[in-house]
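One structure below.
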Amino acid sequence: MAVLEIKKYPEPVLKQRAQEITDINGNLQELIDNMVETMYAAPGIGLAANQVGELKRVIVVDITAGKEKGNLIVLVNPEIAEAEGKTDSEEGCLSVPKYTSIIKRAKKVLVKGLDRDGNPVEIEAEGLLARAFQHEIDHLEGVLFIDRLSPIKREFFRKRYKKILKELNK
Ligand code: NI
């Protein structure tokens with residue numbers, strides 16, 4: 001297993017749509033293991049394959065960031081089958097360092113997909129887990145949480161992020 005480099009906005013791979021997985025093979029298992037290790041090393045509560053430069057529809061989520069055992073969820077070809085309600089909460093992203101903002105998301109979601117062995121799974125989620133699923137599945141569409149900001153907030157973000165990037169690249 002290896003900790004992979006996390007792509008940072010504005011790298012193009014973050015704006016591209018990831019492709020459906022048609023073959024559950026050894027390469028996929030390796031990618032998943034590396035994504036889990038990368039998420040825990042960050043530490044983060046979720047990671048989509050785009051963020052490590054792979055345009056494949058895989059996400060890993062653990063809302064305890066590995067602090068509690070048994071919370072890791074790996075989903076292949078995940079989709080939001082149903083969504084209910086609205087809620088505002090603060091959100092950040094490993095690909096957009098040092099920036100957070102309040103983002104409106106559905107309160108509850110039903111997510112469908114495959115587990116890492118290709119078995120169909122359905123997960124009902126609310127709260128932080130529902131938010132994490134929506135955020136990570138957005139990544140697979142090439143959508144970042146900053147794309148969901150109002151035009152004014154987006155303008156503030158651009159200015160601030162320029163400084164953030166400069167700091168990071170020093
Ligand atoms: Ni993210």
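In the structure tokens, chains take the letters A, B, ... in the order shown, each chain's residues start at 1, and ligands count up from 1 in the order shown.
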Enumerate residues in contact with ligand 1: an atom-to-atom distance of at most 9 Å, counting only C-alpha atoms and all ligand atoms. Format the result as a short mmCIF file (atom, residue, chain, number, x, y, z; two decimals) with C-alpha atoms, in the first residue's frame.
data_model
loop_
_atom_site.label_atom_id
_atom_site.label_comp_id
_atom_site.auth_asym_id
_atom_site.auth_seq_id
_atom_site.Cartn_x
_atom_site.Cartn_y
_atom_site.Cartn_z
CA GLY A 46 -13.52 10.88 2.31
CA LEU A 47 -11.65 10.58 -0.95
CA ALA A 48 -12.67 10.13 -4.58
CA GLN A 51 -8.27 13.26 -6.18
CA GLU A 91 -17.46 21.74 4.28
CA GLY A 92 -13.87 21.41 3.18
CA CYS A 93 -11.91 19.23 0.78
CA LEU A 94 -8.42 17.71 0.75
CA SER A 95 -8.05 19.05 -2.80
CA VAL A 96 -8.88 22.61 -1.72
CA ALA A 132 -19.66 13.02 2.72
CA HIS A 135 -19.35 15.55 -1.67
CA GLU A 136 -17.45 12.47 -2.91
CA ASP A 138 -19.78 15.18 -6.80
CA HIS A 139 -16.02 14.61 -7.26
CA LEU A 144 -15.98 20.50 -6.30
CA PHE A 145 -17.71 22.03 -3.27
#
For Pro120 in chain A, list every protein, DNA or RNA residue within 10 Å, evaluated using only C-alpha atoms, and leave out those in the same chain fewer than 6 positions away; present the list as number ranges by chain.
A: 75-78, 112-114
For Val58 in chain A: contacts at 12 Å, only C-alpha atoms, fewer than 2 positions along chain excluded, given as a compact mmCIF listing (two decimals) with N, CA and C atoms, in the first residue's frame:
# COMPACT_ATOMS: atom_id res chain seq x y z
N ARG A 17 -15.05 14.08 -15.46
CA ARG A 17 -15.96 13.03 -15.01
C ARG A 17 -15.21 11.70 -14.96
N ALA A 18 -15.36 10.99 -13.86
CA ALA A 18 -14.74 9.66 -13.73
C ALA A 18 -15.59 8.63 -14.46
N GLN A 19 -14.93 7.59 -14.94
CA GLN A 19 -15.59 6.56 -15.74
C GLN A 19 -16.10 5.39 -14.88
N GLU A 20 -17.23 4.82 -15.30
CA GLU A 20 -17.80 3.64 -14.64
C GLU A 20 -16.76 2.50 -14.62
N ILE A 21 -16.78 1.73 -13.56
CA ILE A 21 -15.89 0.58 -13.46
C ILE A 21 -16.63 -0.65 -13.95
N THR A 22 -16.01 -1.33 -14.91
CA THR A 22 -16.67 -2.50 -15.50
C THR A 22 -15.98 -3.79 -15.08
N ILE A 24 -13.91 -5.55 -11.85
CA ILE A 24 -13.41 -5.53 -10.47
C ILE A 24 -12.15 -6.40 -10.47
N LEU A 28 -7.88 -2.48 -9.38
CA LEU A 28 -8.88 -1.72 -8.63
C LEU A 28 -8.65 -1.91 -7.13
N GLN A 29 -8.38 -3.15 -6.72
CA GLN A 29 -8.14 -3.41 -5.29
C GLN A 29 -6.94 -2.62 -4.78
N GLU A 30 -5.92 -2.54 -5.60
CA GLU A 30 -4.73 -1.79 -5.22
C GLU A 30 -5.05 -0.30 -5.10
N LEU A 31 -5.81 0.20 -6.08
CA LEU A 31 -6.21 1.61 -6.03
C LEU A 31 -7.00 1.90 -4.75
N ILE A 32 -7.95 1.00 -4.43
CA ILE A 32 -8.78 1.19 -3.24
C ILE A 32 -7.91 1.21 -1.98
N ASP A 33 -7.01 0.23 -1.85
CA ASP A 33 -6.13 0.18 -0.67
C ASP A 33 -5.31 1.46 -0.55
N ASN A 34 -4.81 1.93 -1.67
CA ASN A 34 -3.99 3.15 -1.64
C ASN A 34 -4.83 4.38 -1.30
N MET A 35 -6.07 4.40 -1.79
CA MET A 35 -6.96 5.53 -1.48
C MET A 35 -7.27 5.56 0.01
N VAL A 36 -7.52 4.39 0.59
CA VAL A 36 -7.83 4.31 2.02
C VAL A 36 -6.63 4.82 2.82
N GLY A 46 -13.08 11.43 3.59
CA GLY A 46 -13.52 10.88 2.31
C GLY A 46 -12.54 11.20 1.21
N LEU A 47 -12.54 10.36 0.18
CA LEU A 47 -11.65 10.58 -0.95
C LEU A 47 -12.27 9.95 -2.19
N ALA A 48 -12.20 10.67 -3.30
CA ALA A 48 -12.67 10.13 -4.58
C ALA A 48 -11.44 9.90 -5.46
N ALA A 49 -11.55 8.95 -6.38
CA ALA A 49 -10.38 8.55 -7.18
C ALA A 49 -9.79 9.72 -7.99
N ASN A 50 -10.65 10.63 -8.44
CA ASN A 50 -10.13 11.82 -9.16
C ASN A 50 -9.03 12.51 -8.36
N GLN A 51 -9.19 12.50 -7.04
CA GLN A 51 -8.27 13.26 -6.18
C GLN A 51 -6.87 12.66 -6.14
N VAL A 52 -6.74 11.40 -6.57
CA VAL A 52 -5.40 10.82 -6.69
C VAL A 52 -5.07 10.62 -8.17
N GLY A 53 -5.80 11.31 -9.03
CA GLY A 53 -5.46 11.34 -10.45
C GLY A 53 -6.01 10.20 -11.28
N GLU A 54 -6.99 9.45 -10.73
CA GLU A 54 -7.57 8.31 -11.45
C GLU A 54 -9.02 8.61 -11.79
N LEU A 55 -9.36 8.60 -13.07
CA LEU A 55 -10.74 8.89 -13.46
C LEU A 55 -11.58 7.61 -13.44
N LYS A 56 -11.74 7.09 -12.22
CA LYS A 56 -12.52 5.87 -12.01
C LYS A 56 -13.55 6.14 -10.93
N VAL A 60 -13.97 6.38 -1.17
CA VAL A 60 -13.81 5.79 0.16
C VAL A 60 -14.25 6.84 1.18
N VAL A 61 -14.96 6.41 2.19
CA VAL A 61 -15.50 7.32 3.20
C VAL A 61 -15.33 6.70 4.59
N ILE A 73 -16.16 2.82 4.46
CA ILE A 73 -17.08 2.44 3.40
C ILE A 73 -16.38 2.65 2.06
N VAL A 74 -16.33 1.59 1.26
CA VAL A 74 -15.75 1.67 -0.08
C VAL A 74 -16.90 1.47 -1.06
N LEU A 75 -17.06 2.39 -1.99
CA LEU A 75 -18.12 2.23 -2.99
C LEU A 75 -17.59 2.39 -4.40
N VAL A 76 -18.01 1.45 -5.24
CA VAL A 76 -17.67 1.45 -6.66
C VAL A 76 -18.93 1.84 -7.42
N ASN A 77 -18.81 2.71 -8.40
CA ASN A 77 -19.94 3.21 -9.19
C ASN A 77 -21.10 3.71 -8.31
N PRO A 78 -20.80 4.53 -7.30
CA PRO A 78 -21.88 4.98 -6.40
C PRO A 78 -22.78 6.02 -7.07
N GLU A 79 -24.04 6.01 -6.67
CA GLU A 79 -24.95 7.06 -7.11
C GLU A 79 -25.97 7.37 -6.04
N GLY A 113 -24.65 1.38 -5.01
CA GLY A 113 -23.40 1.14 -5.71
C GLY A 113 -22.96 -0.30 -5.50
N LEU A 114 -21.68 -0.54 -5.66
CA LEU A 114 -21.12 -1.87 -5.45
C LEU A 114 -20.07 -1.77 -4.35
N ASP A 115 -19.91 -2.86 -3.59
CA ASP A 115 -18.79 -2.88 -2.65
C ASP A 115 -17.52 -3.26 -3.44
N ARG A 116 -16.40 -3.38 -2.75
CA ARG A 116 -15.13 -3.59 -3.46
C ARG A 116 -15.04 -4.96 -4.13
N GLY A 118 -17.72 -6.14 -5.75
CA GLY A 118 -18.70 -6.10 -6.84
C GLY A 118 -20.11 -6.46 -6.42
N PHE A 133 -21.02 11.51 1.38
CA PHE A 133 -21.39 10.81 0.13
C PHE A 133 -21.64 11.81 -0.99
N GLU A 136 -18.33 13.37 -2.16
CA GLU A 136 -17.45 12.47 -2.91
C GLU A 136 -18.05 12.09 -4.27
N ILE A 137 -19.36 11.91 -4.32
CA ILE A 137 -19.99 11.56 -5.60
C ILE A 137 -19.93 12.76 -6.54
N ASP A 138 -20.02 13.97 -6.00
CA ASP A 138 -19.78 15.18 -6.80
C ASP A 138 -18.40 15.12 -7.47
N HIS A 139 -17.39 14.70 -6.70
CA HIS A 139 -16.02 14.61 -7.26
C HIS A 139 -16.01 13.76 -8.52
N LEU A 140 -16.77 12.65 -8.51
CA LEU A 140 -16.78 11.74 -9.66
C LEU A 140 -17.39 12.40 -10.88
N GLU A 141 -18.18 13.45 -10.66
CA GLU A 141 -18.77 14.22 -11.77
C GLU A 141 -17.88 15.39 -12.16
Between A:Arg57, A:Gly142, A:Arg154, A:Glu167, which has the minimum distance to Glu11 in chain A (counting only C-alpha atoms)?
A:Gly142
For Lys67 in chain A, list every protein, DNA or RNA residue within 12 Å, evaluated using only C-alpha atoms, and leave out those in the same chain fewer than 4 positions away; present the list as a PyMOL selection string.
chain A and resi 40-41+43-45+62-63+71-72
Can you pull out every residue from range 2-128 of chain A that DSSP, working from the backbone, puts in alpha helix (DSSP H), and format the result as an MDAnalysis selection string?
chainID A and resid 26:41 127:128
Would you pick out the contacts of range 150-152 of chain A at 12 Å or less, using only C-alpha atoms, so that residues sharing its chain but fewer than 5 positions from it are not included, and give the list as a VMD selection string?
chain A and resid 101 to 104 145 157 to 159
Using backbone DSSP assignments, extract all strand (DSSP E or B) residues from range 27-130 of chain A; output them as a ChimeraX atom specification.
/A:46-48,56,58-61,73-84,87-93,96-105,108-114,120-126
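Atom pair CA of Ile6 in chain A / CA of Glu122 in chain A: separated by 27.9 Å.
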When you look at Glu84 in chain A with a cut-off of 12 Å (counting only C-alpha atoms), what residues show up, excluding the ones that are within fewer than 5 positions of it in the same chain? I need them as JSON, numbers by chain.
{"A": [105, 106, 107, 108, 109, 110, 111, 124, 125, 126, 127, 130, 131]}
File dump, residues just selected, N, CA and C atoms, as a compact mmCIF listing (two decimals), in the first residue's frame:
# COMPACT_ATOMS: atom_id res chain seq x y z
N ARG A 105 -26.73 20.98 1.31
CA ARG A 105 -26.79 19.59 0.80
C ARG A 105 -28.11 18.97 1.22
N ALA A 106 -28.45 17.85 0.58
CA ALA A 106 -29.61 17.09 1.04
C ALA A 106 -29.31 16.55 2.44
N LYS A 107 -30.39 16.44 3.23
CA LYS A 107 -30.24 15.99 4.61
C LYS A 107 -30.04 14.47 4.69
N LYS A 108 -30.85 13.77 3.89
CA LYS A 108 -30.77 12.31 3.88
C LYS A 108 -30.60 11.84 2.45
N VAL A 109 -29.82 10.80 2.28
CA VAL A 109 -29.66 10.23 0.94
C VAL A 109 -29.71 8.71 1.00
N LEU A 110 -30.11 8.14 -0.12
CA LEU A 110 -29.99 6.70 -0.31
C LEU A 110 -28.95 6.53 -1.42
N VAL A 111 -27.86 5.87 -1.08
CA VAL A 111 -26.77 5.69 -2.04
C VAL A 111 -26.75 4.23 -2.49
N GLU A 124 -28.42 3.93 3.47
CA GLU A 124 -29.18 5.12 3.85
C GLU A 124 -28.31 5.93 4.77
N ALA A 125 -28.20 7.22 4.51
CA ALA A 125 -27.32 8.04 5.34
C ALA A 125 -27.95 9.37 5.65
N GLU A 126 -27.60 9.90 6.82
CA GLU A 126 -27.97 11.28 7.13
C GLU A 126 -26.81 11.93 7.87
N GLY A 127 -26.95 13.24 8.15
CA GLY A 127 -25.89 13.94 8.87
C GLY A 127 -24.60 13.98 8.07
N ALA A 130 -24.17 11.52 5.10
CA ALA A 130 -24.91 11.91 3.90
C ALA A 130 -24.15 13.01 3.15
N ARG A 131 -23.61 13.94 3.90
CA ARG A 131 -22.83 15.04 3.31
C ARG A 131 -21.57 14.50 2.62
